Amino acid sequence: MTVAELDELGDEVARLDPHLVVCSRPDNVERNSRPAWFALSLNPNHPAEICLDGERSEASNPTLEDLLWVVDETERLARTKQHLGNC
């Protein structure tokens, strides 16, 4: 796991090539570049955006359990599929 400031996120994603990115603002990283995203909203009235293997969904006020499920599912997909869809 690596932590990066938002202005460094694009460079760190390119350097590390992670399966999953968890962030508060994905707009400074090229879309369709990762197999999994968990984009947390800073506004409690807006849902978090989740994308796994090209499948998008939203979660209102996601919990730590929701985040851990995304981590576990990303790991499972990375182990079991040769090619993951992009988010």
# chains A, B, ... in the order shown; residues from 1 in each chain; ligands from 1
>>> select_by_dssp(residues="chain A", states="alpha helix (DSSP H)", output="mmCIF file with C-alpha atoms, in the first residue's frame")
data_model
loop_
_atom_site.group_PDB
_atom_site.id
_atom_site.type_symbol
_atom_site.label_atom_id
_atom_site.label_comp_id
_atom_site.auth_asym_id
_atom_site.auth_seq_id
_atom_site.Cartn_x
_atom_site.Cartn_y
_atom_site.Cartn_z
ATOM 1 C CA LEU A 9 -1.606 10.531 -7.509
ATOM 2 C CA GLY A 10 -1.266 10.296 -11.291
ATOM 3 C CA ASP A 11 2.500 9.825 -11.113
ATOM 4 C CA GLU A 12 2.221 7.232 -8.334
ATOM 5 C CA VAL A 13 -0.460 5.259 -10.185
ATOM 6 C CA ALA A 14 1.711 5.219 -13.306
ATOM 7 C CA ARG A 15 4.791 4.189 -11.305
ATOM 8 C CA LEU A 16 3.184 1.493 -9.149
ATOM 9 C CA LEU A 64 -14.990 0.449 6.348
ATOM 10 C CA GLU A 65 -16.638 -2.897 5.651
ATOM 11 C CA ASP A 66 -17.583 -1.655 2.165
ATOM 12 C CA LEU A 67 -14.008 -0.590 1.495
ATOM 13 C CA LEU A 68 -12.608 -3.893 2.739
ATOM 14 C CA TRP A 69 -15.057 -5.768 0.512
ATOM 15 C CA VAL A 70 -13.728 -3.830 -2.503
ATOM 16 C CA VAL A 71 -10.141 -4.659 -1.485
ATOM 17 C CA ASP A 72 -10.990 -8.353 -1.081
ATOM 18 C CA GLU A 73 -12.950 -8.503 -4.343
ATOM 19 C CA THR A 74 -10.131 -6.765 -6.225
ATOM 20 C CA GLU A 75 -7.668 -9.307 -4.855
ATOM 21 C CA ARG A 76 -9.953 -12.190 -5.823
ATOM 22 C CA LEU A 77 -10.408 -10.843 -9.357
ATOM 23 C CA ALA A 78 -6.664 -10.261 -9.791
ATOM 24 C CA ARG A 79 -5.964 -13.875 -8.796
ATOM 25 C CA THR A 80 -8.699 -15.529 -10.854
#
>>> select_by_dssp(residues="chain A", states="strand (DSSP E)", output="PyMOL selection string")
chain A and resi 20-23+36-39+48-52+55-59
>>> write_last_selection(atoms="C-alpha atoms", output="PDB file, in the first residue's frame")
ATOM      1  CA  LEU A  20      -6.972  -0.786  -6.911  1.00  0.00           C
ATOM      2  CA  VAL A  21      -6.911   2.961  -6.318  1.00  0.00           C
ATOM      3  CA  VAL A  22      -8.767   4.484  -3.358  1.00  0.00           C
ATOM      4  CA  CYS A  23      -9.012   8.251  -3.589  1.00  0.00           C
ATOM      5  CA  ALA A  36     -10.617  -1.116  -9.646  1.00  0.00           C
ATOM      6  CA  TRP A  37     -11.434   2.307  -8.188  1.00  0.00           C
ATOM      7  CA  PHE A  38     -13.026   3.381  -4.923  1.00  0.00           C
ATOM      8  CA  ALA A  39     -13.620   7.131  -5.225  1.00  0.00           C
ATOM      9  CA  ALA A  48     -18.866   7.073  -3.385  1.00  0.00           C
ATOM     10  CA  GLU A  49     -18.135   5.670  -6.836  1.00  0.00           C
ATOM     11  CA  ILE A  50     -16.984   2.069  -7.023  1.00  0.00           C
ATOM     12  CA  CYS A  51     -15.743   0.317 -10.113  1.00  0.00           C
ATOM     13  CA  LEU A  52     -14.583  -3.290 -10.211  1.00  0.00           C
ATOM     14  CA  GLU A  55     -18.639  -2.670 -13.452  1.00  0.00           C
ATOM     15  CA  ARG A  56     -19.681   0.627 -11.841  1.00  0.00           C
ATOM     16  CA  SER A  57     -21.810   1.169  -8.749  1.00  0.00           C
ATOM     17  CA  GLU A  58     -22.345   3.759  -6.032  1.00  0.00           C
ATOM     18  CA  ALA A  59     -22.464   3.573  -2.254  1.00  0.00           C
TER      19      ALA A  59
END
>>> atom_distance(atom1="CA of Ala4 in chain A", atom2="CA of Ser41 in chain A")
17.0 Å
>>> residues_around(residues="range 42-45 of chain A", least_positions_apart="4", cutoff="9 Å", atoms="only C-alpha atoms", output="list in words")
Ser24, Arg25, Ser60 and Asn61 of chain A
>>> residues_around(residues="Asn86 in chain A", least_positions_apart="6", cutoff="8 Å", atoms="only C-alpha atoms", output="count of residues only")
8
>>> atom_distance(atom1="CA of Asp17 in chain A", atom2="CA of Thr2 in chain A")
11.3 Å
